[in-house]
Every structure is written in C-alpha cells, then in structure tokens.
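entry-v7.tsv (TSV, C-alpha atoms and all ligand atoms) appears below.
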```tsv
chain	number	residue	atom	x	y	z
A	1	MET	CA	-4.26	-15.27	-25.06
A	2	ASN	CA	-2.90	-11.71	-25.49
A	3	GLU	CA	-2.98	-9.43	-22.47
A	4	PRO	CA	-5.43	-6.51	-22.89
A	5	ILE	CA	-3.60	-3.31	-23.87
A	6	TYR	CA	-5.66	-1.15	-21.50
A	7	LYS	CA	-5.00	-0.87	-17.79
A	8	LYS	CA	-7.85	-0.76	-15.30
A	9	VAL	CA	-7.79	1.87	-12.56
A	10	ALA	CA	-7.11	0.08	-9.29
A	11	PRO	CA	-9.90	0.40	-6.69
A	12	PRO	CA	-9.03	2.39	-3.56
A	13	GLU	CA	-7.96	0.59	-0.40
A	14	GLY	CA	-10.89	-0.92	1.42
A	15	TYR	CA	-12.47	-4.02	2.82
A	16	SER	CA	-13.50	-6.72	0.38
A	17	ALA	CA	-15.13	-10.10	0.74
A	18	PRO	CA	-17.13	-12.18	-1.74
A	19	GLY	CA	-19.89	-9.88	-2.98
A	20	VAL	CA	-18.87	-7.05	-0.66
A	21	TYR	CA	-16.57	-4.08	-1.02
A	22	ALA	CA	-16.38	-1.15	1.37
A	23	THR	CA	-14.17	1.91	1.45
A	24	THR	CA	-14.33	5.51	2.68
A	25	LEU	CA	-16.07	8.35	0.87
A	26	ASP	CA	-12.78	10.31	0.82
A	27	LYS	CA	-11.03	7.55	-1.11
A	28	LEU	CA	-13.89	7.10	-3.56
A	29	VAL	CA	-14.19	10.81	-4.33
A	30	GLY	CA	-10.40	11.06	-4.55
A	31	LEU	CA	-10.33	8.28	-7.13
A	32	ALA	CA	-13.03	9.98	-9.21
A	33	ARG	CA	-11.34	13.39	-9.02
A	34	ALA	CA	-7.89	12.03	-9.82
A	35	ASN	CA	-9.15	10.39	-12.99
A	36	SER	CA	-11.17	13.32	-14.28
A	37	ILE	CA	-8.67	16.17	-14.23
A	38	TRP	CA	-9.37	19.11	-16.53
A	39	PRO	CA	-6.14	21.10	-16.94
A	40	LEU	CA	-5.86	24.74	-17.91
A	41	PRO	CA	-2.61	25.19	-19.85
A	42	PHE	CA	-1.04	28.59	-19.08
A	43	ALA	CA	1.83	28.42	-21.55
A	44	THR	CA	3.99	31.46	-22.15
A	45	SER	CA	7.17	30.19	-23.77
A	46	CYS	CA	9.33	27.19	-24.70
A	47	CYS	CA	7.97	24.81	-22.03
A	48	GLY	CA	4.61	25.28	-23.73
A	49	ILE	CA	6.06	23.71	-26.88
A	50	GLU	CA	7.09	20.70	-24.81
A	51	PHE	CA	3.53	20.53	-23.53
A	52	MET	CA	2.29	20.42	-27.14
A	53	ALA	CA	4.49	17.35	-27.66
A	54	THR	CA	3.04	15.86	-24.45
A	55	MET	CA	-0.49	16.27	-25.80
A	56	ALA	CA	0.32	15.05	-29.33
A	57	ALA	CA	-0.03	11.49	-30.64
A	58	HIS	CA	3.32	10.08	-29.50
A	59	TYR	CA	3.03	10.83	-25.76
A	60	ASP	CA	-0.74	11.39	-25.77
A	61	LEU	CA	-1.50	12.70	-22.29
A	62	GLY	CA	-5.14	11.89	-23.04
A	63	ARG	CA	-4.36	8.20	-22.44
A	64	PHE	CA	-5.48	8.78	-18.85
A	65	GLY	CA	-9.00	9.10	-20.19
A	66	ALA	CA	-9.58	12.65	-18.97
A	67	GLU	CA	-7.27	15.64	-19.46
A	68	ARG	CA	-9.79	17.58	-21.50
A	69	LEU	CA	-8.03	20.93	-21.81
A	70	SER	CA	-10.01	23.88	-20.60
A	71	PHE	CA	-9.26	27.44	-21.62
A	72	SER	CA	-11.83	28.75	-19.17
A	73	PRO	CA	-10.69	28.72	-15.51
A	74	ARG	CA	-14.27	28.02	-14.44
A	75	GLN	CA	-14.19	24.60	-16.07
A	76	ALA	CA	-10.67	23.64	-14.97
A	77	ASP	CA	-9.22	22.16	-11.80
A	78	LEU	CA	-5.52	21.87	-12.64
A	79	LEU	CA	-3.56	25.02	-13.49
A	80	MET	CA	-0.45	24.05	-15.48
A	81	VAL	CA	1.95	26.99	-15.73
A	82	MET	CA	4.56	26.44	-18.41
A	83	GLY	CA	7.11	29.09	-19.22
A	84	THR	CA	8.63	32.33	-18.04
A	85	ILE	CA	6.24	34.51	-16.05
A	86	ALA	CA	7.07	38.20	-16.16
A	87	LYS	CA	6.27	40.20	-13.05
A	88	LYS	CA	3.67	42.09	-15.07
A	89	MET	CA	1.95	38.79	-15.81
A	90	ALA	CA	1.95	37.55	-12.20
A	91	PRO	CA	-1.39	39.19	-11.24
A	92	ILE	CA	-2.98	37.50	-14.27
A	93	VAL	CA	-1.75	34.06	-13.11
A	94	GLN	CA	-3.28	34.79	-9.71
A	95	GLN	CA	-6.53	36.03	-11.27
A	96	VAL	CA	-6.83	32.84	-13.34
A	97	TYR	CA	-6.25	30.77	-10.18
A	98	GLU	CA	-8.88	32.75	-8.30
A	99	GLN	CA	-11.43	32.10	-11.03
A	100	MET	CA	-11.01	28.33	-10.70
A	101	ALA	CA	-13.44	26.48	-8.47
A	102	GLU	CA	-12.30	24.34	-5.52
A	103	PRO	CA	-10.78	21.83	-5.38
A	104	ARG	CA	-7.96	23.12	-7.59
A	105	TRP	CA	-4.35	22.13	-8.01
A	106	VAL	CA	-1.27	23.79	-9.52
A	107	LEU	CA	1.58	22.24	-11.49
A	108	ALA	CA	4.67	24.37	-12.14
A	109	VAL	CA	6.23	22.99	-15.31
A	110	GLY	CA	9.90	23.74	-15.91
A	111	ALA	CA	12.59	25.82	-14.26
A	112	CYS	CA	11.05	29.20	-15.20
A	113	ALA	CA	7.64	28.53	-13.65
A	114	SER	CA	9.27	26.86	-10.63
A	115	SER	CA	12.01	29.38	-9.84
A	116	GLY	CA	12.47	31.91	-12.64
A	117	GLY	CA	15.00	29.56	-14.26
A	118	ILE	CA	17.94	31.21	-15.96
A	119	PHE	CA	16.16	34.58	-15.93
A	120	ASP	CA	17.35	36.02	-12.64
A	121	THR	CA	16.40	39.51	-13.77
A	122	TYR	CA	14.40	42.48	-12.56
A	123	SER	CA	11.43	41.66	-14.78
A	124	VAL	CA	10.90	37.91	-14.23
A	125	LEU	CA	8.91	36.39	-11.39
A	126	GLN	CA	11.23	34.04	-9.48
A	127	GLY	CA	8.71	31.21	-9.31
A	128	ILE	CA	4.91	31.20	-9.50
A	129	ASP	CA	4.74	30.16	-5.84
A	130	ARG	CA	5.19	33.88	-5.14
A	131	VAL	CA	1.59	34.40	-6.27
A	132	VAL	CA	-0.23	31.04	-6.08
A	133	PRO	CA	0.25	27.87	-3.97
A	134	VAL	CA	2.01	25.18	-6.04
A	135	ASP	CA	1.33	21.46	-5.51
A	136	VAL	CA	3.98	19.87	-7.75
A	137	TYR	CA	7.12	21.25	-9.41
A	138	VAL	CA	8.48	19.66	-12.58
A	139	PRO	CA	12.22	20.36	-13.01
A	140	GLY	CA	14.00	20.81	-16.33
A	141	CYS	CA	14.69	23.42	-19.01
A	142	PRO	CA	12.57	22.26	-20.69
A	143	PRO	CA	11.30	19.12	-18.98
A	144	ARG	CA	10.75	16.19	-21.32
A	145	PRO	CA	7.17	15.04	-21.96
A	146	GLU	CA	7.81	12.03	-19.69
A	147	GLN	CA	8.54	14.45	-16.84
A	148	ILE	CA	5.37	16.44	-17.49
A	149	ILE	CA	3.36	13.20	-17.48
A	150	ASP	CA	5.12	12.23	-14.25
A	151	GLY	CA	4.11	15.60	-12.76
A	152	VAL	CA	0.46	14.98	-13.70
A	153	MET	CA	0.67	11.52	-12.10
A	154	LYS	CA	2.11	13.07	-8.91
A	155	ILE	CA	-0.89	15.43	-8.89
A	156	GLN	CA	-3.16	12.38	-9.26
A	157	ASP	CA	-1.48	10.78	-6.22
A	158	LEU	CA	-2.03	13.96	-4.22
A	159	ILE	CA	-5.68	14.14	-5.23
A	160	LYS	CA	-6.27	10.51	-4.27
A	161	SER	CA	-4.84	11.06	-0.79
A	162	GLU	CA	-6.52	14.40	-0.08
A	163	THR	CA	-9.36	14.43	2.44
A	164	LEU	CA	-12.65	16.03	1.46
A	165	ARG	CA	-12.31	18.47	4.34
A	166	ARG	CA	-8.82	19.75	3.50
A	167	ARG	CA	-10.11	22.77	1.58
A	168	TYR	CA	-12.13	23.90	4.61
A	169	SER	CA	-9.29	23.44	7.09
A	170	PRO	CA	-7.81	26.47	8.91
A	171	GLU	CA	-4.35	25.55	7.52
A	172	TYR	CA	-5.60	25.75	3.93
A	173	ARG	CA	-7.42	29.02	4.60
A	174	SER	CA	-4.35	30.60	6.15
A	175	LEU	CA	-2.25	29.38	3.18
A	176	LEU	CA	-4.59	31.21	0.79
A	177	GLU	CA	-4.65	34.29	3.02
A	178	LYS	CA	-0.84	34.45	2.81
A	179	TYR	CA	-1.27	34.88	-0.93
A	180	GLY	CA	-4.05	37.42	-0.46
A	181	ILE	CA	-6.53	35.01	-2.04
A	182	GLN	CA	-10.08	34.89	-0.73
A	183	PRO	CA	-11.00	31.27	0.22
A	184	ILE	CA	-14.11	29.92	-1.52
A	185	ASN	CA	-16.87	28.91	0.91
B	201	LIG	S1	12.39	26.42	-18.27
B	201	LIG	FE1	13.72	26.58	-20.10
B	201	LIG	S2	12.47	25.70	-21.73
B	201	LIG	FE2	11.06	26.19	-20.03
B	201	LIG	S3	10.30	28.25	-20.47
B	201	LIG	FE3	12.11	28.45	-19.17
B	201	LIG	S4	13.81	28.76	-20.62
B	201	LIG	FE4	12.10	27.89	-21.78
```
For the file at hand, write its structure as structure tokens.
Ligand code: SF4
Amino acid sequence: MNEPIYKKVAPPEGYSAPGVYATTLDKLVGLARANSIWPLPFATSCCGIEFMATMAAHYDLGRFGAERLSFSPRQADLLMVMGTIAKKMAPIVQQVYEQMAEPRWVLAVGACASSGGIFDTYSVLQGIDRVVPVDVYVPGCPPRPEQIIDGVMKIQDLIKSETLRRRYSPEYRSLLEKYGIQPIN
C-alpha cells in the first residue's frame, strides 16, 4: 500500500495510555498557534521577489495548512520583513508591529532586514532589530525559498515552546520598553 502523501502534525509531549492522553495547556495552545500562523509580508525590495517564489506553486508555503497572508496588521501574528529598510521607513515598520495583537513574532528575511546588508550607508537602517524585537534571522542575499521556509519552521518551533505567560513577564515588558513600544495588557 502507498504511504499517504500528507504528514500529520505530531501531538505535543505528554502522558498517554490506552484511551488516555494528557499534556499541558501551554503545549496544546503552542501547537495550535504554531500551525495557524498568519504572516504579514513587509516586502520592500529583492527579497520580496524571493518570497513570491516561496508562496508560488513550486515551493508553496501554504503546504503548512495556514500561512494565510494578511495585509492588515490587526489580523496578523508574524511580521516578515523582506528587503532594505530605509531609515525613513523604520518608524512605519515599528508602527505596523505595534498594530499587531499579541502574541506576535518577527522574521527578518535576508541580509538587508537582518543587518542592512551591503548598504552600509547613511540612509539605510542597519537591521530591523533597531526598531522591533526580532525572533528569527534568515541569512542570505537573497535567501533561497528553502531558507525562508526554514525560518518559518524555526518560528513554529519557538511558538511551540513559548509559555502562555511569556508575554506578561517583566523580561518581555522591559524588552518592549527598550524599543519604546507600549506593552499590550
Ligand atoms: S538582502 Fe540582498 S536580495 Fe535581499 S533585499 Fe537586500 S540586496 Fe536585495
């Protein structure tokens, strides 16, 4: 018999016995969140073209079953910044982040978003982590679609292992305060 071509999401770690399965609420919510990511693509230049390839039929990021792109920050939980961010644009990146509801994650795609890339100039922001906290950096100029998919999977791993209380912790609040971002209650 042929193996099914789909892959089931593995259940979180827990206790199982015949007819019984028990795990923690953190793990269950983490599993649900990790498999229902809605990214907001903030694409400004060439890395955005690579993202288009990642979304298209060959690489098909939608194979995860979620990844419904949102162009409204209010219905997105993963900010994907792809491309060169000019200093003039930096407050806009931060504003978009602020408009997203918690929990929210940030993926810096490519050298420009991660560090300014080859544009070590007066006008280019030397990495978006100057204005928003970044969870995962994807290297490359541009990164291949496989790398972008790998970055999304790293975000999924982070989400699965995050406790429900992390966003209310003093460490998280002070991280946001460093960026001048008001924590959401
Ligand atoms: S990292 Fe390279 S490919 Fe990506 S936006 Fe910058 S210059 Fe373009």
Problem set entry | Polymer residues at most 12 Å from (-14.0, 32.2, -1.9) by all atoms listed in the file, as a list in words | Tyr97, Glu98, Gln99, Met100, Ala101, Glu102, Pro103, Arg167, Tyr168, Arg173, Leu176, Glu177, Gly180, Ile181, Gln182, Pro183, Ile184 and Asn185 of chain A
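Nearest to Met82 in chain A of all the residues A:Thr24, A:Pro142, A:Gln95, A:Phe64 is A:Pro142, counting all atoms listed in the file.
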How close does each residue of chain A get to ligand LIG 201 (chain B), giving the shortest atom pair and distance in Å to one decimal for every residue with an atom at most 12 Å away, counting all atoms listed in the file, sorted by chain and residue number, as CSV?
```
residue,atom,partner,partner_atom,distance
A:Phe42,CA,B:LIG201,S3,11.4
A:Ala43,CA,B:LIG201,S3,8.5
A:Thr44,CA,B:LIG201,S3,7.3
A:Ser45,CA,B:LIG201,S3,4.9
A:Cys46,CA,B:LIG201,FE4,4.1
A:Cys47,CA,B:LIG201,FE2,3.9
A:Gly48,CA,B:LIG201,S3,7.2
A:Ile49,CA,B:LIG201,S2,8.5
A:Glu50,CA,B:LIG201,S2,8.0
A:Phe51,CA,B:LIG201,FE2,10.0
A:Val81,CA,B:LIG201,S3,9.7
A:Met82,CA,B:LIG201,S3,6.4
A:Gly83,CA,B:LIG201,S3,3.5
A:Thr84,CA,B:LIG201,S3,5.0
A:Ile85,CA,B:LIG201,S3,8.7
A:Ala86,CA,B:LIG201,S3,11.3
A:Ala108,CA,B:LIG201,S1,10.1
A:Val109,CA,B:LIG201,FE2,7.5
A:Gly110,CA,B:LIG201,S1,4.4
A:Ala111,CA,B:LIG201,S1,4.1
A:Cys112,CA,B:LIG201,FE3,4.2
A:Ala113,CA,B:LIG201,S1,7.0
A:Ser114,CA,B:LIG201,S1,8.3
A:Ser115,CA,B:LIG201,S1,8.9
A:Gly116,CA,B:LIG201,FE3,7.4
A:Gly117,CA,B:LIG201,S1,5.7
A:Ile118,CA,B:LIG201,S4,6.7
A:Phe119,CA,B:LIG201,S4,7.8
A:Asp120,CA,B:LIG201,FE3,11.3
A:Val124,CA,B:LIG201,FE3,10.7
A:Leu125,CA,B:LIG201,FE3,11.6
A:Gln126,CA,B:LIG201,FE3,11.2
A:Gly127,CA,B:LIG201,FE3,10.8
A:Tyr137,CA,B:LIG201,S1,11.5
A:Val138,CA,B:LIG201,S1,9.7
A:Pro139,CA,B:LIG201,S1,8.0
A:Gly140,CA,B:LIG201,S1,6.2
A:Cys141,CA,B:LIG201,FE1,3.5
A:Pro142,CA,B:LIG201,S2,3.6
A:Pro143,CA,B:LIG201,FE2,7.2
A:Arg144,CA,B:LIG201,S2,9.7
A:Pro145,CA,B:LIG201,S2,11.9
A:Ile148,CA,B:LIG201,FE2,11.6
```
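Taking CA of Ser36 in chain A and CA of Tyr15 in chain A as the two end points, the separation is 24.4 Å.
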Exercise. From the list A:Val131, A:Val20, A:Ala32, A:Ile5, which residue is nearest Lys87 in chain A when using all atoms listed in the file?
Worked result: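 For Lys87 in chain A, the nearest of the given residues is A:Val131.
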Exercise. Which is closer to Thr54 in chain A than all the others in A:Pro4, A:Pro170, A:Gly151, A:Pro73, using all atoms listed in the file?
Worked result: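 When distances to Thr54 in chain A are compared using all atoms listed in the file, the smallest one comes from A:Gly151.
Closest approach to Val132 in chain A among A:Tyr179, A:Tyr172, A:Phe71, A:Trp38 is made by A:Tyr179 (distances from all atoms listed in the file).
Counting only C-alpha atoms and comparing A:Ala66, A:Ala17, A:Ala76, A:Ile128, the residue that lies closest to Gln94 in chain A is A:Ile128.
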Exercise. What gap, in Å, lies between CA of Val93 in chain A and CA of Asp157 in chain A?
Worked result: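 Between CA of Val93 in chain A and CA of Asp157 in chain A the gap is 24.3 Å.
Among the candidates A:Lys154, A:Arg74, A:Lys88, A:His58, the one nearest to Tyr122 in chain A when counting all atoms listed in the file is A:Lys88.
For Arg68 in chain A, the residues within 8 Å (counting all atoms listed in the file, excluding itself and residues fewer than 6 positions away along the chain) are Ile37, Trp38, Pro39 and Gly62 of chain A.
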Where atoms are absent from range 131-167 of chain A, fill them in so it carries N, CA and C atoms, then output it as a PDB file, in the coordinates of the input.
```pdb
ATOM      1  N   VAL A 131       2.951  33.855  -6.120  1.00  0.00           N
ATOM      2  CA  VAL A 131       1.590  34.400  -6.270  1.00  0.00           C
ATOM      3  C   VAL A 131       0.475  33.364  -6.096  1.00  0.00           C
ATOM      4  N   VAL A 132       0.784  32.085  -6.289  1.00  0.00           N
ATOM      5  CA  VAL A 132      -0.230  31.040  -6.080  1.00  0.00           C
ATOM      6  C   VAL A 132       0.422  29.829  -5.395  1.00  0.00           C
ATOM      7  N   PRO A 133      -0.343  29.063  -4.589  1.00  0.00           N
ATOM      8  CA  PRO A 133       0.250  27.870  -3.970  1.00  0.00           C
ATOM      9  C   PRO A 133       0.463  26.779  -5.026  1.00  0.00           C
ATOM     10  N   VAL A 134       1.671  26.206  -5.041  1.00  0.00           N
ATOM     11  CA  VAL A 134       2.010  25.180  -6.040  1.00  0.00           C
ATOM     12  C   VAL A 134       1.974  23.802  -5.382  1.00  0.00           C
ATOM     13  N   ASP A 135       1.394  22.823  -6.060  1.00  0.00           N
ATOM     14  CA  ASP A 135       1.330  21.460  -5.510  1.00  0.00           C
ATOM     15  C   ASP A 135       2.510  20.608  -5.954  1.00  0.00           C
ATOM     16  N   VAL A 136       2.882  20.700  -7.235  1.00  0.00           N
ATOM     17  CA  VAL A 136       3.980  19.870  -7.750  1.00  0.00           C
ATOM     18  C   VAL A 136       4.845  20.725  -8.675  1.00  0.00           C
ATOM     19  N   TYR A 137       6.171  20.556  -8.536  1.00  0.00           N
ATOM     20  CA  TYR A 137       7.120  21.250  -9.410  1.00  0.00           C
ATOM     21  C   TYR A 137       7.741  20.217 -10.350  1.00  0.00           C
ATOM     22  N   VAL A 138       7.814  20.548 -11.623  1.00  0.00           N
ATOM     23  CA  VAL A 138       8.480  19.660 -12.580  1.00  0.00           C
ATOM     24  C   VAL A 138       9.797  20.339 -12.980  1.00  0.00           C
ATOM     25  N   PRO A 139      10.957  19.718 -12.666  1.00  0.00           N
ATOM     26  CA  PRO A 139      12.220  20.360 -13.010  1.00  0.00           C
ATOM     27  C   PRO A 139      12.548  20.205 -14.498  1.00  0.00           C
ATOM     28  N   GLY A 140      13.538  20.980 -14.947  1.00  0.00           N
ATOM     29  CA  GLY A 140      14.000  20.810 -16.330  1.00  0.00           C
ATOM     30  C   GLY A 140      13.858  22.099 -17.124  1.00  0.00           C
ATOM     31  N   CYS A 141      14.699  22.219 -18.158  1.00  0.00           N
ATOM     32  CA  CYS A 141      14.690  23.420 -19.010  1.00  0.00           C
ATOM     33  C   CYS A 141      14.942  23.009 -20.457  1.00  0.00           C
ATOM     34  N   PRO A 142      13.919  22.559 -21.163  1.00  0.00           N
ATOM     35  CA  PRO A 142      12.570  22.260 -20.690  1.00  0.00           C
ATOM     36  C   PRO A 142      12.505  20.841 -20.150  1.00  0.00           C
ATOM     37  N   PRO A 143      11.479  20.525 -19.367  1.00  0.00           N
ATOM     38  CA  PRO A 143      11.300  19.120 -18.980  1.00  0.00           C
ATOM     39  C   PRO A 143      10.828  18.315 -20.181  1.00  0.00           C
ATOM     40  N   ARG A 144      11.222  17.056 -20.232  1.00  0.00           N
ATOM     41  CA  ARG A 144      10.750  16.190 -21.320  1.00  0.00           C
ATOM     42  C   ARG A 144       9.277  15.835 -21.088  1.00  0.00           C
ATOM     43  N   PRO A 145       8.570  15.425 -22.145  1.00  0.00           N
ATOM     44  CA  PRO A 145       7.170  15.040 -21.960  1.00  0.00           C
ATOM     45  C   PRO A 145       6.974  13.991 -20.872  1.00  0.00           C
ATOM     46  N   GLU A 146       7.938  13.051 -20.744  1.00  0.00           N
ATOM     47  CA  GLU A 146       7.810  12.030 -19.690  1.00  0.00           C
ATOM     48  C   GLU A 146       7.744  12.686 -18.312  1.00  0.00           C
ATOM     49  N   GLN A 147       8.533  13.768 -18.136  1.00  0.00           N
ATOM     50  CA  GLN A 147       8.540  14.450 -16.840  1.00  0.00           C
ATOM     51  C   GLN A 147       7.218  15.165 -16.590  1.00  0.00           C
ATOM     52  N   ILE A 148       6.661  15.747 -17.656  1.00  0.00           N
ATOM     53  CA  ILE A 148       5.370  16.440 -17.490  1.00  0.00           C
ATOM     54  C   ILE A 148       4.297  15.409 -17.125  1.00  0.00           C
ATOM     55  N   ILE A 149       4.324  14.253 -17.802  1.00  0.00           N
ATOM     56  CA  ILE A 149       3.360  13.200 -17.480  1.00  0.00           C
ATOM     57  C   ILE A 149       3.561  12.738 -16.038  1.00  0.00           C
ATOM     58  N   ASP A 150       4.831  12.631 -15.626  1.00  0.00           N
ATOM     59  CA  ASP A 150       5.120  12.230 -14.250  1.00  0.00           C
ATOM     60  C   ASP A 150       4.545  13.255 -13.263  1.00  0.00           C
ATOM     61  N   GLY A 151       4.673  14.542 -13.611  1.00  0.00           N
ATOM     62  CA  GLY A 151       4.110  15.600 -12.760  1.00  0.00           C
ATOM     63  C   GLY A 151       2.603  15.450 -12.628  1.00  0.00           C
ATOM     64  N   VAL A 152       1.925  15.159 -13.741  1.00  0.00           N
ATOM     65  CA  VAL A 152       0.460  14.980 -13.700  1.00  0.00           C
ATOM     66  C   VAL A 152       0.122  13.769 -12.819  1.00  0.00           C
ATOM     67  N   MET A 153       0.933  12.710 -12.919  1.00  0.00           N
ATOM     68  CA  MET A 153       0.670  11.520 -12.100  1.00  0.00           C
ATOM     69  C   MET A 153       0.897  11.809 -10.614  1.00  0.00           C
ATOM     70  N   LYS A 154       1.881  12.678 -10.322  1.00  0.00           N
ATOM     71  CA  LYS A 154       2.110  13.070  -8.910  1.00  0.00           C
ATOM     72  C   LYS A 154       0.888  13.846  -8.402  1.00  0.00           C
ATOM     73  N   ILE A 155       0.333  14.699  -9.264  1.00  0.00           N
ATOM     74  CA  ILE A 155      -0.890  15.430  -8.890  1.00  0.00           C
ATOM     75  C   ILE A 155      -2.008  14.437  -8.622  1.00  0.00           C
ATOM     76  N   GLN A 156      -2.121  13.409  -9.469  1.00  0.00           N
ATOM     77  CA  GLN A 156      -3.160  12.380  -9.260  1.00  0.00           C
ATOM     78  C   GLN A 156      -2.990  11.717  -7.894  1.00  0.00           C
ATOM     79  N   ASP A 157      -1.734  11.409  -7.529  1.00  0.00           N
ATOM     80  CA  ASP A 157      -1.480  10.780  -6.220  1.00  0.00           C
ATOM     81  C   ASP A 157      -1.924  11.692  -5.082  1.00  0.00           C
ATOM     82  N   LEU A 158      -1.616  12.997  -5.249  1.00  0.00           N
ATOM     83  CA  LEU A 158      -2.030  13.960  -4.220  1.00  0.00           C
ATOM     84  C   LEU A 158      -3.535  13.996  -4.089  1.00  0.00           C
ATOM     85  N   ILE A 159      -4.209  14.046  -5.233  1.00  0.00           N
ATOM     86  CA  ILE A 159      -5.680  14.140  -5.230  1.00  0.00           C
ATOM     87  C   ILE A 159      -6.277  12.924  -4.533  1.00  0.00           C
ATOM     88  N   LYS A 160      -5.729  11.750  -4.862  1.00  0.00           N
ATOM     89  CA  LYS A 160      -6.270  10.510  -4.270  1.00  0.00           C
ATOM     90  C   LYS A 160      -6.141  10.514  -2.754  1.00  0.00           C
ATOM     91  N   SER A 161      -5.064  11.147  -2.240  1.00  0.00           N
ATOM     92  CA  SER A 161      -4.840  11.060  -0.790  1.00  0.00           C
ATOM     93  C   SER A 161      -5.376  12.275  -0.040  1.00  0.00           C
ATOM     94  N   GLU A 162      -6.026  13.191  -0.748  1.00  0.00           N
ATOM     95  CA  GLU A 162      -6.520  14.400  -0.080  1.00  0.00           C
ATOM     96  C   GLU A 162      -7.883  14.158   0.577  1.00  0.00           C
ATOM     97  N   THR A 163      -8.051  14.632   1.801  1.00  0.00           N
ATOM     98  CA  THR A 163      -9.360  14.430   2.440  1.00  0.00           C
ATOM     99  C   THR A 163     -10.344  15.461   1.890  1.00  0.00           C
ATOM    100  N   LEU A 164     -11.619  15.117   1.975  1.00  0.00           N
ATOM    101  CA  LEU A 164     -12.650  16.030   1.460  1.00  0.00           C
ATOM    102  C   LEU A 164     -12.683  17.335   2.238  1.00  0.00           C
ATOM    103  N   ARG A 165     -12.207  17.279   3.489  1.00  0.00           N
ATOM    104  CA  ARG A 165     -12.310  18.470   4.340  1.00  0.00           C
ATOM    105  C   ARG A 165     -11.082  19.368   4.257  1.00  0.00           C
ATOM    106  N   ARG A 166     -10.046  18.961   3.499  1.00  0.00           N
ATOM    107  CA  ARG A 166      -8.820  19.750   3.500  1.00  0.00           C
ATOM    108  C   ARG A 166      -9.061  21.210   3.091  1.00  0.00           C
ATOM    109  N   ARG A 167      -9.890  21.405   2.102  1.00  0.00           N
ATOM    110  CA  ARG A 167     -10.110  22.770   1.580  1.00  0.00           C
ATOM    111  C   ARG A 167     -10.834  23.681   2.566  1.00  0.00           C
TER     112      ARG A 167
END
```
